[in-house]
>>> print(open('input30.csv').read())   # CSV, C-alpha atoms and all ligand atoms
chain,number,residue,atom,x,y,z
O,1,MET,CA,4.3,16.9,-18.1
O,2,ASN,CA,7.3,14.7,-17.1
O,3,LYS,CA,6.7,11.0,-17.8
O,4,ILE,CA,7.4,9.1,-14.7
O,5,ILE,CA,7.4,5.3,-14.5
O,6,PHE,CA,6.9,3.4,-11.2
O,7,SER,CA,6.6,-0.3,-10.4
O,8,GLY,CA,7.6,-2.9,-7.9
O,9,VAL,CA,7.9,-6.5,-7.0
O,10,GLN,CA,7.5,-8.2,-3.6
O,11,PRO,CA,10.6,-9.7,-2.0
O,12,SER,CA,8.9,-13.0,-1.3
O,13,GLY,CA,9.0,-16.4,-3.0
O,14,ASN,CA,11.2,-17.0,-6.1
O,15,ILE,CA,11.0,-14.4,-8.8
O,16,HIS,CA,9.9,-16.3,-11.9
O,17,ILE,CA,9.8,-15.7,-15.7
O,18,GLY,CA,6.2,-14.5,-15.3
O,19,ASN,CA,7.4,-11.6,-13.2
O,20,TYR,CA,10.2,-11.0,-15.6
O,21,LEU,CA,8.2,-11.1,-18.9
O,22,GLY,CA,5.1,-9.5,-17.4
O,23,ALA,CA,6.8,-6.7,-15.5
O,24,ILE,CA,10.6,-6.4,-15.2
O,25,LYS,CA,11.4,-6.9,-18.9
O,26,GLN,CA,9.0,-4.1,-19.7
O,27,TRP,CA,10.6,-1.8,-17.2
O,28,VAL,CA,14.0,-2.3,-19.0
O,29,ASP,CA,12.4,-1.8,-22.4
O,30,LEU,CA,10.6,1.4,-21.3
O,31,SER,CA,13.2,3.1,-19.1
O,32,ASN,CA,14.7,5.1,-21.9
O,33,ASP,CA,11.3,6.6,-22.9
O,34,PHE,CA,10.7,8.2,-19.5
O,35,GLU,CA,12.2,11.2,-17.7
O,36,GLU,CA,12.2,9.3,-14.4
O,37,SER,CA,11.9,5.6,-13.6
O,38,ILE,CA,11.5,4.3,-10.1
O,39,TYR,CA,11.5,0.7,-9.1
O,40,CYS,CA,10.6,-0.4,-5.6
O,41,ILE,CA,11.2,-3.5,-3.6
O,42,VAL,CA,7.8,-3.7,-1.8
O,43,ASP,CA,8.7,-5.3,1.5
O,44,LEU,CA,5.7,-3.7,3.3
O,45,HIS,CA,3.5,-5.6,0.8
O,46,ALA,CA,5.4,-8.8,1.5
O,47,ILE,CA,4.6,-8.7,5.2
O,48,THR,CA,0.8,-8.8,4.5
O,49,VAL,CA,1.4,-12.5,4.8
O,50,PRO,CA,3.8,-14.1,7.3
O,51,GLN,CA,7.5,-13.8,6.4
O,52,ASP,CA,10.6,-15.1,8.1
O,53,PRO,CA,12.7,-12.0,9.1
O,54,LYS,CA,16.1,-13.4,8.0
O,55,GLU,CA,14.7,-14.7,4.8
O,56,LEU,CA,12.9,-11.4,4.1
O,57,ARG,CA,16.2,-9.4,4.4
O,58,LYS,CA,17.9,-11.9,2.1
O,59,LYS,CA,15.1,-11.6,-0.5
O,60,ILE,CA,15.3,-7.8,-0.5
O,61,LEU,CA,18.9,-7.9,-1.6
O,62,GLU,CA,18.1,-10.7,-4.1
O,63,VAL,CA,15.4,-8.7,-5.8
O,64,ALA,CA,17.7,-5.7,-5.9
O,65,ALA,CA,20.4,-7.8,-7.6
O,66,LEU,CA,17.9,-9.3,-10.0
O,67,TYR,CA,16.6,-5.9,-11.1
O,68,ILE,CA,20.1,-4.8,-12.0
O,69,ALA,CA,21.0,-8.2,-13.6
O,70,CYS,CA,17.9,-7.9,-15.8
O,71,GLY,CA,19.1,-4.6,-17.1
O,72,ILE,CA,17.8,-1.8,-14.8
O,73,ASP,CA,20.6,0.7,-14.6
O,74,PRO,CA,20.8,2.2,-11.1
O,75,LYS,CA,22.5,5.3,-12.5
O,76,LYS,CA,19.5,6.1,-14.7
O,77,SER,CA,16.7,4.6,-12.5
O,78,SER,CA,16.1,4.8,-8.8
O,79,ILE,CA,15.9,1.4,-7.0
O,80,PHE,CA,14.8,1.5,-3.4
O,81,VAL,CA,13.2,-0.4,-0.6
O,82,GLN,CA,9.6,0.6,0.2
O,83,SER,CA,10.1,0.5,4.0
O,84,ASP,CA,13.1,2.9,3.8
O,85,ARG,CA,10.7,5.7,2.9
O,86,PRO,CA,8.2,6.3,5.8
O,87,GLU,CA,6.0,8.4,3.4
O,88,HIS,CA,4.5,5.2,2.0
O,89,SER,CA,2.9,4.2,5.3
O,90,GLU,CA,1.9,7.7,6.1
O,91,LEU,CA,0.1,8.4,2.8
O,92,THR,CA,-1.5,5.0,3.0
O,93,TRP,CA,-3.3,6.1,6.2
O,94,ILE,CA,-4.5,9.3,4.5
O,95,LEU,CA,-5.8,7.3,1.5
O,96,ASN,CA,-7.3,4.7,3.8
O,97,CYS,CA,-9.6,7.4,5.2
O,98,ASN,CA,-10.8,8.1,1.7
O,99,ALA,CA,-11.1,4.4,0.6
O,100,ARG,CA,-14.2,2.3,1.1
O,101,ILE,CA,-14.5,-1.1,2.5
O,102,GLY,CA,-16.9,-2.0,-0.4
O,103,GLU,CA,-14.3,-1.2,-3.1
O,104,LEU,CA,-11.5,-3.1,-1.3
O,105,SER,CA,-13.8,-6.1,-0.8
O,106,ARG,CA,-14.2,-6.3,-4.6
O,107,MET,CA,-10.4,-6.8,-5.3
O,108,THR,CA,-10.0,-10.2,-6.9
O,109,GLN,CA,-6.4,-10.6,-5.5
O,110,PHE,CA,-7.8,-10.2,-2.0
O,111,LYS,CA,-10.5,-12.7,-2.6
O,112,ASP,CA,-8.1,-15.2,-4.1
O,113,LYS,CA,-5.4,-14.8,-1.4
O,114,SER,CA,-7.8,-14.8,1.5
O,115,GLY,CA,-9.7,-17.8,0.2
O,116,LYS,CA,-12.4,-19.1,2.6
O,117,ASP,CA,-10.7,-17.6,5.7
O,118,GLN,CA,-11.4,-13.9,5.2
O,119,GLU,CA,-11.9,-13.4,8.9
O,120,GLY,CA,-8.5,-14.9,9.7
O,121,VAL,CA,-6.2,-13.0,7.3
O,122,SER,CA,-4.4,-9.7,8.2
O,123,ILE,CA,-5.9,-6.3,7.8
O,124,GLY,CA,-2.7,-5.6,5.8
O,125,LEU,CA,-3.7,-8.1,3.1
O,126,PHE,CA,-7.1,-6.3,2.8
O,127,ASP,CA,-5.4,-2.9,2.7
O,128,TYR,CA,-2.7,-4.0,0.3
O,129,PRO,CA,-4.1,-2.1,-2.7
O,130,VAL,CA,-4.2,1.2,-0.8
O,131,LEU,CA,-0.5,0.9,0.1
O,132,MET,CA,0.1,0.2,-3.6
O,133,ALA,CA,-1.8,3.4,-4.5
O,134,ALA,CA,0.4,5.4,-2.0
O,135,ASP,CA,3.5,3.9,-3.7
O,136,ILE,CA,2.4,5.2,-7.1
O,137,LEU,CA,0.9,8.5,-6.1
O,138,LEU,CA,3.8,9.7,-4.0
O,139,TYR,CA,6.0,10.1,-7.0
O,140,GLY,CA,3.5,11.7,-9.4
O,141,SER,CA,3.8,8.5,-11.5
O,142,THR,CA,2.3,8.8,-14.9
O,143,HIS,CA,2.7,5.1,-16.0
O,144,VAL,CA,2.7,1.8,-14.1
O,145,PRO,CA,4.0,-1.3,-16.0
O,146,VAL,CA,2.5,-4.4,-14.4
O,147,GLY,CA,1.1,-7.8,-15.3
O,148,GLU,CA,-2.6,-8.2,-15.9
O,149,ASP,CA,-3.3,-9.3,-12.2
O,150,GLN,CA,-2.4,-5.8,-11.0
O,151,LYS,CA,-4.7,-3.9,-13.4
O,152,GLN,CA,-7.5,-3.7,-10.9
O,153,HIS,CA,-5.2,-2.2,-8.3
O,154,VAL,CA,-4.0,0.5,-10.7
O,155,GLU,CA,-7.7,1.2,-11.4
O,156,LEU,CA,-8.3,1.6,-7.7
O,157,THR,CA,-5.3,3.9,-7.5
O,158,ARG,CA,-6.8,6.1,-10.3
O,159,ASP,CA,-10.2,6.2,-8.4
O,160,LEU,CA,-8.5,7.2,-5.1
O,161,ALA,CA,-6.5,9.9,-6.8
O,162,GLN,CA,-9.5,11.3,-8.6
O,163,ARG,CA,-11.6,11.2,-5.4
O,164,PHE,CA,-9.0,13.0,-3.4
O,165,ASN,CA,-8.4,15.6,-6.1
O,166,ALA,CA,-12.2,16.2,-6.4
O,167,LYS,CA,-12.6,16.7,-2.7
O,168,TYR,CA,-9.4,18.7,-1.8
O,169,GLY,CA,-8.2,20.1,-5.1
O,170,GLN,CA,-5.6,18.9,-7.6
O,171,THR,CA,-2.9,17.0,-5.6
O,172,PHE,CA,-2.2,13.6,-7.3
O,173,THR,CA,-1.4,12.7,-10.9
O,174,VAL,CA,-3.8,10.0,-12.2
O,175,PRO,CA,-1.6,7.1,-13.5
O,176,GLU,CA,-2.1,4.8,-16.5
O,177,PRO,CA,-1.3,1.1,-16.3
O,178,ILE,CA,1.0,-0.3,-19.0
O,179,ILE,CA,0.2,-4.0,-19.7
O,180,LYS,CA,1.9,-5.8,-22.6
O,181,LYS,CA,-0.7,-8.0,-24.2
O,182,GLU,CA,1.5,-10.9,-25.1
O,183,THR,CA,3.1,-11.3,-21.6
O,184,ALA,CA,0.3,-9.9,-19.4
O,185,ARG,CA,-0.4,-13.3,-17.9
O,186,ILE,CA,2.1,-16.1,-18.1
O,187,MET,CA,0.4,-19.2,-17.0
O,188,GLY,CA,1.5,-21.9,-14.5
O,189,LEU,CA,3.4,-24.8,-16.1
O,190,ASP,CA,1.5,-27.3,-14.0
O,191,ASP,CA,-1.9,-25.6,-14.5
O,192,PRO,CA,-2.3,-23.4,-17.6
O,193,THR,CA,-5.6,-22.1,-16.4
O,194,LYS,CA,-4.0,-20.1,-13.5
O,195,LYS,CA,-1.2,-17.5,-13.6
O,196,MET,CA,2.3,-18.5,-12.9
O,197,SER,CA,2.8,-17.6,-9.2
O,198,LYS,CA,5.6,-17.2,-6.7
O,199,SER,CA,3.3,-18.5,-3.9
O,200,ALA,CA,2.3,-21.6,-5.9
O,201,ALA,CA,2.2,-24.8,-3.9
O,202,SER,CA,4.6,-26.7,-6.3
O,203,PRO,CA,7.9,-25.4,-7.8
O,204,PHE,CA,6.8,-27.1,-11.0
O,205,ASN,CA,4.4,-24.2,-11.4
O,206,TYR,CA,7.2,-21.8,-12.4
O,207,ILE,CA,10.6,-21.3,-13.8
O,208,ALA,CA,12.5,-19.2,-11.3
O,209,MET,CA,15.0,-16.7,-12.7
O,210,ASN,CA,17.7,-18.6,-10.9
O,211,ASP,CA,16.8,-22.1,-11.8
O,212,SER,CA,19.7,-24.2,-13.0
O,213,PRO,CA,19.7,-25.7,-16.6
O,214,ASP,CA,18.9,-29.1,-15.1
O,215,ILE,CA,16.0,-27.8,-13.1
O,216,ILE,CA,14.7,-25.9,-16.1
O,217,GLY,CA,14.9,-29.1,-18.2
O,218,GLN,CA,13.0,-31.1,-15.6
O,219,LYS,CA,10.3,-28.4,-15.2
O,220,ILE,CA,9.7,-28.0,-18.9
O,221,LYS,CA,9.6,-31.8,-19.3
O,222,ARG,CA,6.9,-32.0,-16.7
O,223,ALA,CA,4.9,-29.1,-18.0
O,224,VAL,CA,1.3,-29.9,-18.8
O,225,THR,CA,0.4,-30.1,-22.5
O,226,ASP,CA,-3.0,-30.1,-24.3
O,227,SER,CA,-4.7,-33.1,-25.8
O,228,GLY,CA,-3.6,-33.8,-29.3
O,229,THR,CA,-0.1,-33.7,-30.7
O,230,ASP,CA,0.2,-30.4,-32.6
O,231,ILE,CA,2.6,-27.6,-31.6
O,232,LYS,CA,-0.1,-24.9,-32.1
O,233,SER,CA,-1.5,-22.1,-30.1
O,234,GLY,CA,-5.2,-21.3,-29.9
O,235,SER,CA,-8.0,-20.7,-27.4
O,236,ASP,CA,-8.6,-24.5,-27.2
O,237,LYS,CA,-4.9,-25.1,-26.4
O,238,PRO,CA,-4.1,-23.1,-23.2
O,239,ALA,CA,-0.9,-25.1,-22.3
O,240,MET,CA,0.7,-24.9,-25.8
O,241,THR,CA,-0.3,-21.2,-26.2
O,242,ASN,CA,1.5,-20.5,-22.9
O,243,LEU,CA,4.7,-22.5,-23.9
O,244,LEU,CA,4.8,-21.0,-27.4
O,245,ASN,CA,4.4,-17.5,-25.9
O,246,ILE,CA,7.4,-18.1,-23.6
O,247,TYR,CA,9.4,-19.6,-26.5
O,248,SER,CA,8.5,-16.6,-28.7
O,249,GLU,CA,9.4,-14.0,-26.1
O,250,MET,CA,12.8,-15.6,-25.3
O,251,SER,CA,13.8,-16.4,-28.8
O,252,GLY,CA,12.6,-13.3,-30.6
O,253,GLN,CA,10.8,-15.6,-33.2
O,254,SER,CA,7.1,-15.1,-34.0
O,255,ILE,CA,4.6,-17.7,-32.8
O,256,SER,CA,3.7,-18.6,-36.4
O,257,GLN,CA,7.4,-19.1,-37.3
O,258,ILE,CA,7.8,-21.5,-34.3
O,259,GLU,CA,4.6,-23.3,-35.2
O,260,SER,CA,5.9,-23.9,-38.7
O,261,ASP,CA,9.4,-24.9,-37.6
O,262,PHE,CA,7.8,-27.6,-35.4
O,263,SER,CA,5.1,-28.7,-37.8
O,264,GLY,CA,4.9,-32.6,-37.8
O,265,LYS,CA,7.3,-32.7,-34.7
O,266,GLY,CA,6.3,-34.0,-31.3
O,267,TYR,CA,5.9,-32.4,-27.9
O,268,GLY,CA,9.2,-34.0,-26.7
O,269,GLU,CA,11.3,-32.3,-29.3
O,270,PHE,CA,9.6,-28.9,-28.8
O,271,LYS,CA,10.1,-29.1,-25.0
O,272,GLU,CA,13.8,-29.9,-25.4
O,273,LYS,CA,14.3,-26.9,-27.6
O,274,LEU,CA,12.2,-24.7,-25.4
O,275,ALA,CA,14.3,-25.6,-22.4
O,276,GLU,CA,17.4,-24.7,-24.4
O,277,VAL,CA,15.9,-21.3,-25.3
O,278,ILE,CA,15.1,-20.5,-21.7
O,279,VAL,CA,18.5,-21.6,-20.4
O,280,ALA,CA,20.3,-19.5,-23.1
O,281,TYR,CA,18.1,-16.5,-22.3
O,282,LEU,CA,18.6,-16.7,-18.6
O,283,ARG,CA,22.4,-17.5,-18.6
O,284,PRO,CA,23.7,-13.9,-18.9
O,285,ILE,CA,21.2,-12.6,-16.3
O,286,GLN,CA,22.2,-15.4,-13.9
O,287,GLU,CA,25.9,-14.6,-14.5
O,288,LYS,CA,25.4,-10.9,-13.7
O,289,TYR,CA,23.2,-11.8,-10.8
O,290,SER,CA,25.9,-14.0,-9.1
O,291,LYS,CA,28.5,-11.2,-9.2
O,292,LEU,CA,26.0,-8.6,-7.9
O,293,ILE,CA,24.7,-10.8,-5.0
O,294,SER,CA,28.2,-11.4,-3.7
O,295,ASP,CA,28.7,-7.6,-3.1
O,296,GLU,CA,26.2,-6.9,-0.3
O,297,GLU,CA,27.7,-3.6,0.6
O,298,GLY,CA,27.5,-2.4,-3.1
O,299,LEU,CA,23.8,-3.4,-3.2
O,300,ILE,CA,23.0,-1.6,0.0
O,301,GLU,CA,24.7,1.5,-1.3
O,302,ILE,CA,22.6,1.4,-4.5
O,303,LEU,CA,19.4,1.1,-2.5
O,304,SER,CA,20.4,3.9,-0.1
O,305,GLU,CA,21.3,6.2,-3.0
O,306,GLY,CA,17.9,5.3,-4.8
O,307,SER,CA,16.0,6.2,-1.6
O,308,ARG,CA,17.9,9.5,-1.1
O,309,ARG,CA,17.3,10.5,-4.7
O,310,ILE,CA,13.5,10.1,-4.6
O,311,ALA,CA,13.0,11.3,-1.0
O,312,PRO,CA,12.2,14.9,-2.0
O,313,MET,CA,9.4,13.8,-4.4
O,314,ALA,CA,7.7,11.7,-1.8
O,315,GLN,CA,8.1,14.3,1.0
O,316,LYS,CA,6.7,17.1,-1.2
O,317,THR,CA,3.6,15.1,-2.3
O,318,LEU,CA,2.9,13.9,1.3
O,319,GLN,CA,3.2,17.4,2.7
O,320,GLU,CA,0.9,18.7,0.0
O,321,ALA,CA,-1.7,16.1,0.8
O,322,LYS,CA,-1.5,16.7,4.5
O,323,SER,CA,-1.9,20.4,4.2
O,324,LYS,CA,-4.8,20.1,1.8
O,325,ILE,CA,-6.6,18.0,4.4
O,326,GLY,CA,-5.7,20.4,7.2
O,327,LEU,CA,-3.4,18.1,9.1
O,328,GLY,CA,-0.6,19.5,11.3
O,329,VAL,CA,0.5,23.2,11.5
O,330,LYS,CA,3.3,23.3,8.9
O,331,ARG,CA,2.7,25.5,5.9
O,401,LIG,P1,2.1,-14.1,-6.0
O,401,LIG,O1,1.6,-14.9,-7.1
O,401,LIG,O2,2.7,-14.9,-4.9
O,401,LIG,O3,1.1,-13.0,-5.5
O,401,LIG,P2,3.5,-12.8,-7.9
O,401,LIG,O4,4.2,-13.9,-8.7
O,401,LIG,O5,2.2,-12.2,-8.5
O,401,LIG,O6,3.3,-13.2,-6.5
O,401,LIG,P3,4.4,-10.1,-7.4
O,401,LIG,O7,5.6,-9.6,-6.7
O,401,LIG,O8,3.1,-9.9,-6.7
O,401,LIG,O9,4.6,-11.6,-7.8
O,401,LIG,O10,4.4,-9.4,-8.9
O,401,LIG,C1,5.4,-8.7,-9.5
O,401,LIG,C2,5.0,-8.3,-10.9
O,401,LIG,O11,4.9,-9.4,-11.7
O,401,LIG,C3,3.6,-7.6,-11.0
O,401,LIG,O12,3.7,-6.6,-12.0
O,401,LIG,C4,2.7,-8.7,-11.5
O,401,LIG,O13,1.6,-8.2,-12.2
O,401,LIG,C5,3.7,-9.5,-12.4
O,401,LIG,N1,3.3,-10.9,-12.6
O,401,LIG,C6,3.1,-11.8,-11.6
O,401,LIG,N2,2.8,-13.0,-12.0
O,401,LIG,C7,2.7,-12.8,-13.4
O,401,LIG,C8,2.4,-13.7,-14.5
O,401,LIG,N3,2.1,-15.0,-14.2
O,401,LIG,N4,2.4,-13.2,-15.7
O,401,LIG,C9,2.7,-11.9,-16.0
O,401,LIG,N5,3.0,-11.0,-15.0
O,401,LIG,C10,3.0,-11.5,-13.7
O,402,LIG,N1,1.1,-5.3,-5.8
O,402,LIG,C1,2.2,-5.4,-6.8
O,402,LIG,C2,3.5,-4.9,-6.3
O,402,LIG,C3,3.5,-3.4,-6.2
O,402,LIG,C4,3.4,-2.5,-7.2
O,402,LIG,C5,3.4,-1.2,-6.5
O,402,LIG,C6,3.4,-2.6,-8.6
O,402,LIG,C7,3.4,-2.8,-5.0
O,402,LIG,N2,3.4,-1.5,-5.2
O,402,LIG,C8,3.3,0.0,-7.3
O,402,LIG,C9,3.3,-1.4,-9.3
O,402,LIG,C10,3.3,-0.1,-8.6
O,402,LIG,C11,2.3,-6.9,-7.2
O,402,LIG,O1,2.9,-7.1,-8.1
O,402,LIG,N3,1.8,-7.8,-6.5
>>> encode(input="input30.csv", output="structure tokens")
Amino acid sequence: MNKIIFSGVQPSGNIHIGNYLGAIKQWVDLSNDFEESIYCIVDLHAITVPQDPKELRKKILEVAALYIACGIDPKKSSIFVQSDRPEHSELTWILNCNARIGELSRMTQFKDKSGKDQEGVSIGLFDYPVLMAADILLYGSTHVPVGEDQKQHVELTRDLAQRFNAKYGQTFTVPEPIIKKETARIMGLDDPTKKMSKSAASPFNYIAMNDSPDIIGQKIKRAVTDSGTDIKSGSDKPAMTNLLNIYSEMSGQSISQIESDFSGKGYGEFKEKLAEVIVAYLRPIQEKYSKLISDEEGLIEILSEGSRRIAPMAQKTLQEAKSKIGLGVKR
């Protein structure tokens, strides 16, 4: 069986190092091991909460440029915009008719995002995981690399695929999530008990991929630390564990090596060095990004080509699902 990788990021907020370490970096590392790799810019997911139209269009191109700047090669992988392929919305409807209100009500992301106002949020926000299932299932995806927060959604995708297959006969491939333990959940700099998030109230929660060296320095300086003075990770030290994790991922050094290098040294010195490590890591990505983002036509061409390349896969799966159910008159 062909190994097909599929994943996506929403074109909303500022893409941060949590998105990068949890998802995009894995895509780059994995791309060569798969026959097909497809990376989507999930604009239909973004509109489950209000978006400014001009800003949304701008963000779509920014995410495309960032994917490529991070190392996704558009000649080897297909990069496309979700709303360019109508099959995503159409398969969502079919899956909706096989999904249950009970199982969607149990999705923790929905509970977190809707907060106390469940009656007032959009139906799209509730249905978000079904759209994600359609994204994955349309391409016969075998593997889905994501951060820990999306695991439950991939599990729902598996359930929906298995339910459909059991009812109508083998149609969908049941995908596996790929979650890298060390970077599954990068925590907020201002609150290490919650994940780093694009929609965080304060920009001091995250390091955006495009933050300048000055801003990175300020954000790391303000990052919450644990009580005590040791540069050590451990279950009683959530803040330092998170910062050491980021340091390790971006420097290539092991946590124990970093701990021993900083033994007897203070938080101030550690933070200064961590900021330098992040700045140095992001610099080449930022340089590539600024070239790419200035060529809007080039980016649009890459996205159109990506969409064209994967269209036959999506059309075939959708047609098969429709005919299994008895929809339409096409054979
Ligand atoms: P929001 O927090 O506003 O919902 P987000 O930061 O989760 O947004 P998404 O576009 O929803 O951003 O996520 C893109 C990818 O990044 C997903 O695979 C998600 O699991 C991963 N991801 C998001 N935040 C983190 C994090 N803090 N640590 C590791 N991976 C993350
Ligand atoms: N819900 C995901 C983004 C997403 C996705 C997907 C990820 C939409 N469709 C398909 C993997 C596969 C999120 O990160 N919030």
>>> atom_distance(input="input30.csv", atom1="atom CA of Glu182 of chain O", atom2="atom CA of His143 of chain O")
18.4 Å
>>> closest_atom_pairs(input="input30.csv", of="segment 135-220 of chain O", to="segment 86-108 of chain O", cutoff="12 Å", atoms="all atoms listed in the file", output="Markdown table")
| residue | atom | partner | partner_atom | distance |
| --- | --- | --- | --- | --- |
| O:Asp135 | CA | O:His88 | CA | 5.9 |
| O:Ile136 | CA | O:His88 | CA | 9.3 |
| O:Leu137 | CA | O:Leu91 | CA | 8.9 |
| O:Leu138 | CA | O:His88 | CA | 7.5 |
| O:Tyr139 | CA | O:His88 | CA | 10.4 |
| O:Glu148 | CA | O:Thr108 | CA | 11.8 |
| O:Asp149 | CA | O:Thr108 | CA | 8.6 |
| O:Gln150 | CA | O:Thr108 | CA | 9.7 |
| O:Lys151 | CA | O:Met107 | CA | 10.3 |
| O:Gln152 | CA | O:Met107 | CA | 7.0 |
| O:His153 | CA | O:Met107 | CA | 7.6 |
| O:Val154 | CA | O:Met107 | CA | 11.1 |
| O:Glu155 | CA | O:Met107 | CA | 10.4 |
| O:Leu156 | CA | O:Glu103 | CA | 8.1 |
| O:Thr157 | CA | O:Leu95 | CA | 9.6 |
| O:Arg158 | CA | O:Ala99 | CA | 11.8 |
| O:Asp159 | CA | O:Ala99 | CA | 9.2 |
| O:Leu160 | CA | O:Ala99 | CA | 6.9 |
| O:Ala161 | CA | O:Leu95 | CA | 8.7 |
| O:Gln162 | CA | O:Asn98 | CA | 10.9 |
| O:Arg163 | CA | O:Asn98 | CA | 7.8 |
| O:Phe164 | CA | O:Asn98 | CA | 7.3 |
| O:Asn165 | CA | O:Asn98 | CA | 11.1 |
| O:Ala166 | CA | O:Asn98 | CA | 11.5 |
| O:Lys167 | CA | O:Asn98 | CA | 9.8 |
| O:Tyr168 | CA | O:Asn98 | CA | 11.3 |
| O:Phe172 | CA | O:Leu95 | CA | 11.4 |
>>> residues_around(input="input30.csv", residues="Gly22 of chain O", least_positions_apart="2", cutoff="8 Å", atoms="all atoms listed in the file", output="list in words")
Ile17, Gly18, Asn19, Tyr20, Ile24, Lys25, Gln26, Val146, Gly147, Glu148, Ile179, Lys180, Thr183, Ala184, Arg185 and Ile186 of chain O
>>> write_last_selection(input="input30.csv", atoms="C-alpha atoms", output="PDB file, keeping the file's coordinate frame")
ATOM      1  CA  ILE O  17       9.800 -15.700 -15.700  1.00  0.00           C
ATOM      2  CA  GLY O  18       6.200 -14.500 -15.300  1.00  0.00           C
ATOM      3  CA  ASN O  19       7.400 -11.600 -13.200  1.00  0.00           C
ATOM      4  CA  TYR O  20      10.200 -11.000 -15.600  1.00  0.00           C
ATOM      5  CA  ILE O  24      10.600  -6.400 -15.200  1.00  0.00           C
ATOM      6  CA  LYS O  25      11.400  -6.900 -18.900  1.00  0.00           C
ATOM      7  CA  GLN O  26       9.000  -4.100 -19.700  1.00  0.00           C
ATOM      8  CA  VAL O 146       2.500  -4.400 -14.400  1.00  0.00           C
ATOM      9  CA  GLY O 147       1.100  -7.800 -15.300  1.00  0.00           C
ATOM     10  CA  GLU O 148      -2.600  -8.200 -15.900  1.00  0.00           C
ATOM     11  CA  ILE O 179       0.200  -4.000 -19.700  1.00  0.00           C
ATOM     12  CA  LYS O 180       1.900  -5.800 -22.600  1.00  0.00           C
ATOM     13  CA  THR O 183       3.100 -11.300 -21.600  1.00  0.00           C
ATOM     14  CA  ALA O 184       0.300  -9.900 -19.400  1.00  0.00           C
ATOM     15  CA  ARG O 185      -0.400 -13.300 -17.900  1.00  0.00           C
ATOM     16  CA  ILE O 186       2.100 -16.100 -18.100  1.00  0.00           C
TER      17      ILE O 186
END
>>> residues_near_point(input="input30.csv", point="(5.3, -25.1, -25.4)", cutoff="12 Å", atoms="only C-alpha atoms", output="ChimeraX atom specification")
/O:187-189,192,219-226,229-233,237-249,255,258-259,262,266-275,277-278
>>> residues_near_ligand(input="input30.csv", ligand="ligand LIG 402 (chain O)", cutoff="6 Å", atoms="all atoms listed in the file", output="mmCIF file with C-alpha atoms, keeping the file's coordinate frame")
data_model
loop_
_atom_site.group_PDB
_atom_site.id
_atom_site.type_symbol
_atom_site.label_atom_id
_atom_site.label_comp_id
_atom_site.auth_asym_id
_atom_site.auth_seq_id
_atom_site.Cartn_x
_atom_site.Cartn_y
_atom_site.Cartn_z
ATOM 1 C CA PHE O 6 6.900 3.400 -11.200
ATOM 2 C CA SER O 7 6.600 -0.300 -10.400
ATOM 3 C CA GLY O 8 7.600 -2.900 -7.900
ATOM 4 C CA VAL O 9 7.900 -6.500 -7.000
ATOM 5 C CA GLN O 10 7.500 -8.200 -3.600
ATOM 6 C CA VAL O 42 7.800 -3.700 -1.800
ATOM 7 C CA MET O 132 0.100 0.200 -3.600
ATOM 8 C CA ASP O 135 3.500 3.900 -3.700
ATOM 9 C CA ILE O 136 2.400 5.200 -7.100
ATOM 10 C CA VAL O 144 2.700 1.800 -14.100
ATOM 11 C CA VAL O 146 2.500 -4.400 -14.400
#
